[in-house]
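Source file: structure28.txt; contents: compact mmCIF, C-alpha atoms.
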```
# COMPACT_ATOMS: atom_id res chain seq x y z
CA MET P 1 27.19 8.33 0.71
CA GLY P 2 24.07 8.49 -1.44
CA ASN P 3 23.45 10.40 -4.63
CA GLN P 4 21.39 13.55 -5.00
CA ALA P 5 18.69 12.08 -7.24
CA GLY P 6 17.46 9.57 -4.66
CA ASP P 7 18.76 6.38 -3.06
CA HIS P 8 17.27 3.34 -1.37
CA ALA P 9 17.95 2.93 2.35
CA VAL P 10 16.64 0.56 5.01
CA THR P 11 15.79 0.95 8.67
CA THR P 12 14.89 -1.87 11.06
CA GLN P 13 13.47 -2.39 14.53
CA VAL P 14 14.11 -5.22 17.01
CA THR P 15 10.41 -5.63 17.76
CA LYS P 16 7.25 -3.91 16.53
CA ASP P 17 7.26 -1.81 19.69
CA SER P 18 10.94 -0.81 19.44
CA PRO P 19 12.20 2.47 17.95
CA TRP P 20 13.34 2.42 14.33
CA GLY P 21 17.10 2.26 13.83
CA LYS P 22 19.23 4.63 11.80
CA PRO P 23 18.65 4.23 8.03
CA VAL P 24 21.42 2.43 6.12
CA ASN P 25 22.05 3.10 2.43
CA LEU P 26 21.72 -0.06 0.27
CA GLY P 27 24.98 0.77 -1.48
CA ALA P 28 26.34 1.37 -4.96
CA LEU P 29 25.36 -2.01 -6.40
CA VAL P 30 21.63 -1.29 -5.95
CA ASN P 31 21.68 2.51 -6.06
CA SER P 32 22.99 4.56 -8.97
CA GLY P 33 23.67 8.17 -9.86
CA ALA P 34 20.15 8.37 -11.28
CA GLU P 35 16.71 8.49 -9.66
CA ASP P 36 16.15 5.27 -7.68
CA ARG P 37 12.83 5.46 -5.88
CA ALA P 38 9.56 3.82 -4.78
CA PRO P 39 10.87 0.48 -3.43
CA SER P 40 8.45 -2.41 -2.91
CA ILE P 41 9.73 -5.54 -1.19
CA SER P 42 8.20 -9.00 -1.53
CA ALA P 43 6.65 -10.76 1.47
CA ASP P 44 9.65 -13.10 1.75
CA ALA P 45 12.01 -10.08 1.53
CA LEU P 46 13.94 -11.66 -1.37
CA GLU P 47 12.74 -9.42 -4.23
CA LEU P 48 12.94 -5.63 -4.29
CA TYR P 49 11.15 -3.72 -7.04
CA PHE P 50 11.69 -0.01 -7.73
CA HIS P 51 11.72 2.57 -10.51
CA SER P 52 14.73 4.33 -11.95
CA ASP P 53 15.79 6.48 -14.89
CA ARG P 54 19.24 4.86 -14.92
CA PRO P 55 20.75 3.83 -18.29
CA GLY P 56 19.70 0.50 -19.77
CA GLY P 57 15.94 0.95 -19.64
CA GLN P 58 13.19 1.06 -22.25
CA GLY P 59 12.12 4.67 -21.76
CA SER P 60 12.32 7.68 -19.47
CA VAL P 61 11.65 5.78 -16.20
CA ASP P 62 11.49 1.98 -15.91
CA ILE P 63 10.78 -0.61 -13.26
CA TRP P 64 13.75 -2.66 -12.06
CA MET P 65 14.23 -5.55 -9.67
CA THR P 66 17.03 -6.78 -7.42
CA THR P 67 17.05 -10.14 -5.63
CA ARG P 68 18.91 -12.05 -2.93
CA GLU P 69 19.06 -15.73 -1.96
CA THR P 70 18.34 -15.19 1.76
CA THR P 71 17.63 -12.20 4.01
CA GLU P 72 21.23 -12.46 5.25
CA ASP P 73 22.68 -12.03 1.73
CA ASP P 74 23.48 -8.83 -0.14
CA TRP P 75 21.22 -7.62 -2.91
CA SER P 76 22.26 -8.47 -6.48
CA ALA P 77 22.75 -6.03 -9.35
CA PRO P 78 19.30 -4.74 -10.44
CA VAL P 79 17.80 -5.97 -13.72
CA ASN P 80 15.32 -4.16 -15.94
CA LEU P 81 11.97 -5.97 -16.22
CA GLY P 82 12.11 -5.64 -20.00
CA PRO P 83 9.98 -4.43 -22.92
CA ILE P 84 6.90 -6.55 -22.13
CA PHE P 85 6.63 -4.75 -18.81
CA ASN P 86 8.27 -1.37 -19.41
CA SER P 87 7.38 1.04 -22.23
CA SER P 88 8.95 3.96 -24.10
CA VAL P 89 7.34 6.46 -21.69
CA PHE P 90 7.55 6.19 -17.92
CA ASP P 91 6.59 3.22 -15.77
CA ARG P 92 6.99 3.68 -12.03
CA ASN P 93 5.74 3.12 -8.46
CA PRO P 94 5.63 -0.71 -8.47
CA ASP P 95 3.90 -2.62 -5.67
CA ILE P 96 4.15 -6.40 -5.37
CA SER P 97 1.29 -8.42 -3.85
CA ALA P 98 1.81 -10.60 -0.78
CA ASP P 99 1.68 -13.81 -2.84
CA GLY P 100 4.21 -12.40 -5.32
CA LEU P 101 1.96 -13.04 -8.33
CA THR P 102 0.55 -9.56 -9.01
CA LEU P 103 2.39 -6.30 -9.57
CA TYR P 104 0.64 -2.93 -9.67
CA PHE P 105 2.38 0.10 -11.16
CA VAL P 106 1.87 3.58 -12.62
CA SER P 107 2.33 4.54 -16.27
CA ASN P 108 1.48 7.27 -18.74
CA ARG P 109 1.58 4.81 -21.67
CA PRO P 110 -1.12 4.92 -24.38
CA GLY P 111 -4.44 3.42 -23.35
CA GLY P 112 -4.85 5.37 -20.13
CA TYR P 113 -7.42 7.99 -19.20
CA GLY P 114 -5.28 10.90 -18.08
CA ASP P 115 -2.02 12.05 -16.56
CA THR P 116 -0.91 8.73 -15.06
CA ASP P 117 -2.94 5.57 -14.51
CA PHE P 118 -2.68 2.25 -12.69
CA TRP P 119 -1.76 -0.89 -14.59
CA VAL P 120 -1.42 -4.45 -13.34
CA THR P 121 0.51 -7.50 -14.48
CA THR P 122 0.31 -11.07 -13.20
CA ARG P 123 2.23 -14.33 -13.33
CA THR P 124 1.15 -17.89 -12.58
CA THR P 125 4.08 -18.72 -10.28
CA LYS P 126 7.01 -16.80 -8.86
CA ASN P 127 9.26 -18.47 -11.43
CA ALA P 128 7.01 -17.64 -14.40
CA ASP P 129 7.26 -14.63 -16.71
CA TRP P 130 5.08 -11.60 -16.11
CA GLY P 131 2.09 -11.21 -18.40
CA THR P 132 1.19 -8.22 -20.55
CA PRO P 133 0.13 -5.30 -18.31
CA VAL P 134 -3.59 -4.52 -18.17
CA HIS P 135 -5.17 -1.13 -17.45
CA LEU P 136 -6.97 -1.13 -14.08
CA GLY P 137 -10.07 0.51 -15.59
CA SER P 138 -12.14 3.67 -15.38
CA THR P 139 -13.61 3.01 -11.92
CA VAL P 140 -10.22 3.42 -10.24
CA ASN P 141 -8.37 5.56 -12.78
CA SER P 142 -9.35 9.12 -13.66
CA SER P 143 -8.24 11.94 -15.93
CA TYR P 144 -5.99 13.12 -13.09
CA ALA P 145 -2.74 11.64 -11.73
CA GLU P 146 -2.99 8.33 -9.87
CA ARG P 147 0.23 7.29 -8.16
CA GLN P 148 1.83 4.87 -5.70
CA PRO P 149 -0.60 1.93 -5.50
CA THR P 150 -0.25 -0.16 -2.33
CA ILE P 151 -2.13 -3.45 -2.07
CA SER P 152 -3.12 -4.93 1.31
CA ALA P 153 -1.86 -8.40 2.25
CA ASP P 154 -5.27 -9.96 1.59
CA GLY P 155 -5.47 -8.28 -1.83
CA LEU P 156 -8.78 -6.56 -1.07
CA TRP P 157 -7.72 -2.98 -0.31
CA LEU P 158 -5.72 -0.74 -2.65
CA PHE P 159 -4.35 2.54 -1.27
CA PHE P 160 -2.95 5.25 -3.54
CA HIS P 161 -2.50 8.99 -3.82
CA SER P 162 -4.05 11.31 -6.39
CA ASN P 163 -4.70 14.97 -7.15
CA ARG P 164 -8.24 14.19 -8.34
CA PRO P 165 -11.12 16.42 -7.16
CA GLY P 166 -12.81 15.63 -3.86
CA GLY P 167 -9.76 15.76 -1.63
CA SER P 168 -8.46 18.11 1.04
CA GLY P 169 -5.90 19.79 -1.23
CA GLY P 170 -2.72 18.90 -3.07
CA ASP P 171 -2.38 15.14 -3.38
CA ASP P 172 -4.54 13.04 -1.04
CA ILE P 173 -4.56 9.37 -0.07
CA TRP P 174 -7.48 7.38 -1.46
CA LEU P 175 -8.72 3.81 -1.06
CA THR P 176 -10.53 1.38 -3.33
CA THR P 177 -11.79 -2.01 -2.13
CA ARG P 178 -13.25 -5.26 -3.46
CA ALA P 179 -15.08 -8.12 -1.74
CA THR P 180 -12.87 -10.87 -3.22
CA LYS P 181 -9.88 -11.07 -5.54
CA ASP P 182 -12.25 -12.06 -8.35
CA ASP P 183 -14.40 -8.95 -7.96
CA ASP P 184 -13.93 -5.57 -9.61
CA TRP P 185 -12.51 -2.66 -7.66
CA GLY P 186 -15.04 -0.24 -6.18
CA ALA P 187 -15.14 3.54 -6.55
CA PRO P 188 -12.20 5.11 -4.66
CA VAL P 189 -12.92 6.85 -1.36
CA ASN P 190 -10.89 9.74 0.07
CA LEU P 191 -9.48 8.88 3.51
CA GLY P 192 -10.68 12.23 4.81
CA PRO P 193 -9.27 15.12 6.86
CA VAL P 194 -7.94 12.92 9.68
CA ILE P 195 -5.32 11.59 7.22
CA ASN P 196 -5.25 14.17 4.44
CA THR P 197 -4.36 17.85 4.66
CA SER P 198 -4.26 20.90 2.39
CA VAL P 199 -0.68 20.04 1.35
CA PHE P 200 0.86 16.81 -0.01
CA ASP P 201 -0.13 13.46 1.51
CA GLY P 202 0.90 10.40 -0.46
CA HIS P 203 3.04 7.30 -0.93
CA PRO P 204 0.90 5.11 1.38
CA SER P 205 2.23 1.79 2.68
CA ILE P 206 0.22 -0.64 4.80
CA LEU P 207 1.62 -3.17 7.27
CA PRO P 208 0.84 -6.83 6.42
CA ASP P 209 -1.39 -7.17 9.50
CA GLY P 210 -3.31 -4.04 8.51
CA SER P 211 -2.62 -2.29 11.81
CA THR P 212 -0.65 0.74 10.58
CA LEU P 213 -0.60 3.01 7.55
CA TYR P 214 2.66 4.79 6.71
CA PHE P 215 2.73 7.75 4.33
CA VAL P 216 4.67 10.82 3.22
CA SER P 217 3.58 14.40 3.89
CA ASN P 218 4.99 17.92 3.95
CA ARG P 219 2.42 19.02 6.56
CA PRO P 220 3.51 21.16 9.52
CA GLY P 221 5.14 19.31 12.40
CA GLY P 222 7.81 17.46 10.44
CA VAL P 223 11.57 17.84 10.55
CA GLY P 224 12.19 18.49 6.86
CA ASN P 225 10.52 19.04 3.51
CA TYR P 226 8.77 15.67 3.11
CA ASP P 227 8.61 13.40 6.16
CA LEU P 228 7.36 9.91 6.95
CA TRP P 229 4.22 9.73 9.08
CA GLN P 230 2.20 6.85 10.49
CA VAL P 231 -1.35 6.33 11.69
CA PRO P 232 -2.90 3.28 13.40
CA ILE P 233 -5.85 1.53 11.77
CA ILE P 234 -8.21 0.65 14.60
CA PRO P 235 -11.29 -1.55 14.16
CA ILE P 236 -14.56 -0.17 15.54
CA VAL P 237 -15.30 -2.60 18.36
CA ASP P 238 -17.94 -0.70 20.37
CA LEU P 239 -20.60 -2.09 18.07
CA ASN P 240 -23.66 -0.77 19.89
CA GLY P 241 -22.12 2.62 20.69
CA ASP P 242 -22.74 2.52 24.45
CA GLY P 243 -19.17 3.54 25.35
CA ILE P 244 -17.77 0.17 26.44
CA VAL P 245 -16.86 -3.13 24.79
CA ASP P 246 -18.67 -5.91 26.61
CA SER P 247 -21.05 -8.85 26.22
CA ALA P 248 -23.62 -6.65 24.52
CA ASP P 249 -21.22 -6.15 21.61
CA MET P 250 -20.63 -9.92 21.47
CA CYS P 251 -24.38 -10.34 21.13
CA VAL P 252 -24.39 -7.98 18.16
CA ILE P 253 -21.82 -10.23 16.44
CA ILE P 254 -23.82 -13.35 17.27
CA ASP P 255 -26.98 -11.75 15.85
CA HIS P 256 -25.15 -11.29 12.52
CA TRP P 257 -23.26 -14.59 12.59
CA GLY P 258 -22.44 -15.99 9.14
CA THR P 259 -23.43 -12.79 7.30
CA ASP P 260 -21.26 -10.17 5.60
CA GLU P 261 -22.51 -7.34 7.82
CA PRO P 262 -19.65 -4.78 7.59
CA MET P 263 -20.35 -3.32 11.05
CA CYS P 264 -19.50 -6.68 12.65
CA ASP P 265 -16.85 -7.86 10.19
CA ILE P 266 -13.84 -6.55 12.14
CA GLY P 267 -11.38 -9.45 11.87
CA PRO P 268 -8.88 -10.81 11.26
CA MET P 269 -7.60 -7.55 9.73
CA PRO P 270 -9.11 -4.21 10.80
CA TRP P 271 -11.42 -4.34 7.79
CA GLY P 272 -12.51 -7.97 8.14
CA ASP P 273 -12.62 -10.90 5.73
CA GLY P 274 -16.14 -10.80 4.32
CA ILE P 275 -17.93 -12.96 6.89
CA VAL P 276 -18.92 -12.54 10.55
CA ASP P 277 -17.38 -15.47 12.39
CA VAL P 278 -15.00 -16.45 15.20
CA GLN P 279 -12.27 -14.17 13.79
CA ASP P 280 -14.43 -11.19 14.68
CA LEU P 281 -14.99 -12.45 18.21
CA VAL P 282 -11.21 -12.78 18.62
CA VAL P 283 -10.71 -9.12 17.65
CA LEU P 284 -13.52 -8.04 19.98
CA ALA P 285 -12.05 -10.05 22.86
CA ASP P 286 -8.77 -8.16 22.50
CA HIS P 287 -10.67 -4.96 23.37
CA LEU P 288 -13.00 -6.22 26.07
CA PHE P 289 -13.90 -3.63 28.73
CA GLU P 290 -12.19 -0.80 26.86
CA GLU P 291 -14.15 2.42 27.15
CA PHE P 292 -14.85 4.83 24.31
CA PRO P 293 -16.26 8.35 24.15
CA PRO P 294 -20.05 8.36 23.96
CA VAL P 295 -21.56 8.45 20.49
CA GLU P 296 -23.24 11.83 19.88
```
Written form, structure tokens:
Amino acid sequence: MGNQAGDHAVTTQVTKDSPWGKPVNLGALVNSGAEDRAPSISADALELYFHSDRPGGQGSVDIWMTTRETTEDDWSAPVNLGPIFNSSVFDRNPDISADGLTLYFVSNRPGGYGDTDFWVTTRTTKNADWGTPVHLGSTVNSSYAERQPTISADGLWLFFHSNRPGGSGGDDIWLTTRATKDDDWGAPVNLGPVINTSVFDGHPSILPDGSTLYFVSNRPGGVGNYDLWQVPIIPIVDLNGDGIVDSADMCVIIDHWGTDEPMCDIGPMPWGDGIVDVQDLVVLADHLFEEFPPVE
């Protein structure tokens, strides 16, 4: 049985097209009688980061980590990431990058701009110590609450939820992007009314291949208070808007070959990789002869 404050559980599927199995609690070694929430698992599935207000931390809520040798092994007893990482206030909502070298998190420590802000820490290798956390800056952070950062596998898209103005109501899911890992993050964009509602929409999580966004919402249509929802991320492949994907759309890609034209940069992930090349033709080929509603 789990505790009332919040436990970690896991559900699996045999294939990506199979139904999800029944969630299984991770057990008393990982979970505690305190708040254990916001898990983020490494790409190799051997490190699990989360936040907790269990005893043994630096402040009110800290970030912890549990590890295992292989995916067949049990998780070890969680360890606190220590005073360089955690502070005397609260530090929560960790998200580990695909290469395991960057960790984004939320904190209300001094040096921020408002309620809660995003901070980031890096390490040179997976065996190295984490560096001193750095504030993500005023372009992404605001005087409102920024929470639950989720970085895409390529490190170029950062999803999060916030109660900042400009949304549909309550907390909304937002997105900030950058052209390369060396560039600054751009101004966040609200994902709009297709995703967001007048109630709570948050805790985004993106699949490594960029095909699906999972999130939490208490919108109508669920089975409880806060439910998990999902939405596919579909590249726009009818490039000339004539209602069908065909050779004419291939010609559009060829006309922009080698450029960074965003309209044609649709692969390998749904948002592209910064250059129009063969990867974009591969994505287009997967949708050949599909028909779409006419563009009004």
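Minimum atom-to-atom distance to P:Leu81, evaluated using all atoms listed in the file, belongs to P:Phe50 out of P:Tyr104, P:Tyr226, P:Phe50, P:Trp157.
Nearest to P:Ser76 of all the residues P:Ile236, P:Val89, P:Ala98, P:Val30 is P:Val30, based on all atoms listed in the file.
Take atom CA of P:Ser40 and atom CA of P:Phe200: the distance between them is 20.9 Å.
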- Quote the spacing between atom CA of P:Asp172 and atom CA of P:Ser60 in Å to one decimal place. 25.5 Å
- Take atom CA of P:Gly186 and atom CA of P:Ala145 and report the distance between them in Å, one decimal.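 Here the two named atoms are 18.0 Å from each other.
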- Item | Contacts of P:Lys22 at 12 Å (only C-alpha atoms; same-chain gap of 2+ positions) as a VMD selection string | chain P and resid 9 to 13 19 to 20 24 to 25
- Looking at only C-alpha atoms, which of P:Asn127, P:Thr122, P:Ser87, P:Thr66 is the one that sits closest to P:His8?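 Result for the nearest residue to P:His8: P:Thr66.
For P:Ile173, the list of residues within 9 Å, based on all atoms listed in the file and with local chain neighbours fewer than 4 positions off taken out, reads Phe159, Phe160, His161, Ser162, Gly167, Val189, Asn190, Leu191, Gly192, Ile195, Asn196, Asp201, Gly202, His203, Pro204 and Phe215 of chain P.
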The residues within 8 Å of (-6.9, -3.3, -6.7), using all atoms listed in the file and the coordinates of the file, should be reported as a compact mmCIF listing (two decimals) with C-alpha atoms, keeping the file's coordinate frame; which are they?
```txt
# COMPACT_ATOMS: atom_id res chain seq x y z
CA LEU P 136 -6.97 -1.13 -14.08
CA ILE P 151 -2.13 -3.45 -2.07
CA GLY P 155 -5.47 -8.28 -1.83
CA LEU P 156 -8.78 -6.56 -1.07
CA TRP P 157 -7.72 -2.98 -0.31
CA LEU P 158 -5.72 -0.74 -2.65
CA THR P 176 -10.53 1.38 -3.33
CA THR P 177 -11.79 -2.01 -2.13
CA ARG P 178 -13.25 -5.26 -3.46
CA ASP P 184 -13.93 -5.57 -9.61
CA TRP P 185 -12.51 -2.66 -7.66
```
Build an axis-aligned box that encloses every atom of stretch 79-90 of chain P listed in the file, pad it by 5 Å on each side, and report its centre and edge lengths in Å to one decimal, as JSON.
```
{"center_x": 12.2, "center_y": 0.0, "center_z": -18.9, "size_x": 21.2, "size_y": 23.0, "size_z": 20.4}
```
- Tell me which protein, DNA and RNA residues are within 12 Å of P:Asp53, counting only C-alpha atoms, leaving out same-chain ones fewer than 2 positions away, and put them as number ranges by chain. P: 5-6, 31-37, 50-51, 55-64, 80, 86, 88-92
Any chance you could export the current selection's C-alpha atoms as a compact mmCIF listing (two decimals), in the frame of the given file?
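Output file out.txt follows:
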```txt
# COMPACT_ATOMS: atom_id res chain seq x y z
CA ALA P 5 18.69 12.08 -7.24
CA GLY P 6 17.46 9.57 -4.66
CA ASN P 31 21.68 2.51 -6.06
CA SER P 32 22.99 4.56 -8.97
CA GLY P 33 23.67 8.17 -9.86
CA ALA P 34 20.15 8.37 -11.28
CA GLU P 35 16.71 8.49 -9.66
CA ASP P 36 16.15 5.27 -7.68
CA ARG P 37 12.83 5.46 -5.88
CA PHE P 50 11.69 -0.01 -7.73
CA HIS P 51 11.72 2.57 -10.51
CA PRO P 55 20.75 3.83 -18.29
CA GLY P 56 19.70 0.50 -19.77
CA GLY P 57 15.94 0.95 -19.64
CA GLN P 58 13.19 1.06 -22.25
CA GLY P 59 12.12 4.67 -21.76
CA SER P 60 12.32 7.68 -19.47
CA VAL P 61 11.65 5.78 -16.20
CA ASP P 62 11.49 1.98 -15.91
CA ILE P 63 10.78 -0.61 -13.26
CA TRP P 64 13.75 -2.66 -12.06
CA ASN P 80 15.32 -4.16 -15.94
CA ASN P 86 8.27 -1.37 -19.41
CA SER P 88 8.95 3.96 -24.10
CA VAL P 89 7.34 6.46 -21.69
CA PHE P 90 7.55 6.19 -17.92
CA ASP P 91 6.59 3.22 -15.77
CA ARG P 92 6.99 3.68 -12.03
```
- Task: May I ask which of the residues P:Pro94, P:Pro235, P:Pro83, P:Gly21 is the closest one to P:Ser52, counting only C-alpha atoms?
- Result: P:Pro94
- Task: Can you pull out every residue within 8 Å of P:Pro232, counting all atoms listed in the file, but drop anything in the same chain fewer than 6 positions away, and send it as a list of chain:residue names?
- Result: P:Ser211, P:Thr212, P:Leu213
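Once stretch 137-142 of chain P and its same-chain neighbours fewer than 2 positions away are set aside, Tyr113, Gly114, Asp117, Phe118, His135, Tyr144, Ala145, Glu146, Arg164, Thr176, Trp185, Gly186, Ala187 and Pro188 of chain P remain within 8 Å of it when counting all atoms listed in the file.
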- Using all atoms listed in the file, pick whichever of P:Thr121, P:Asn93, P:Thr259, P:Gln148 has the shortest atom-to-atom distance to P:Pro133.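 For P:Pro133, the nearest of the given residues is P:Thr121.
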- Task: Could you tell me which of P:Glu261, P:Thr67, P:Glu72, P:Ile96 comes closest to P:Asp277 if we count all atoms listed in the file?
- Result: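 Checking each candidate against P:Asp277, we get P:Glu261 as the closest.
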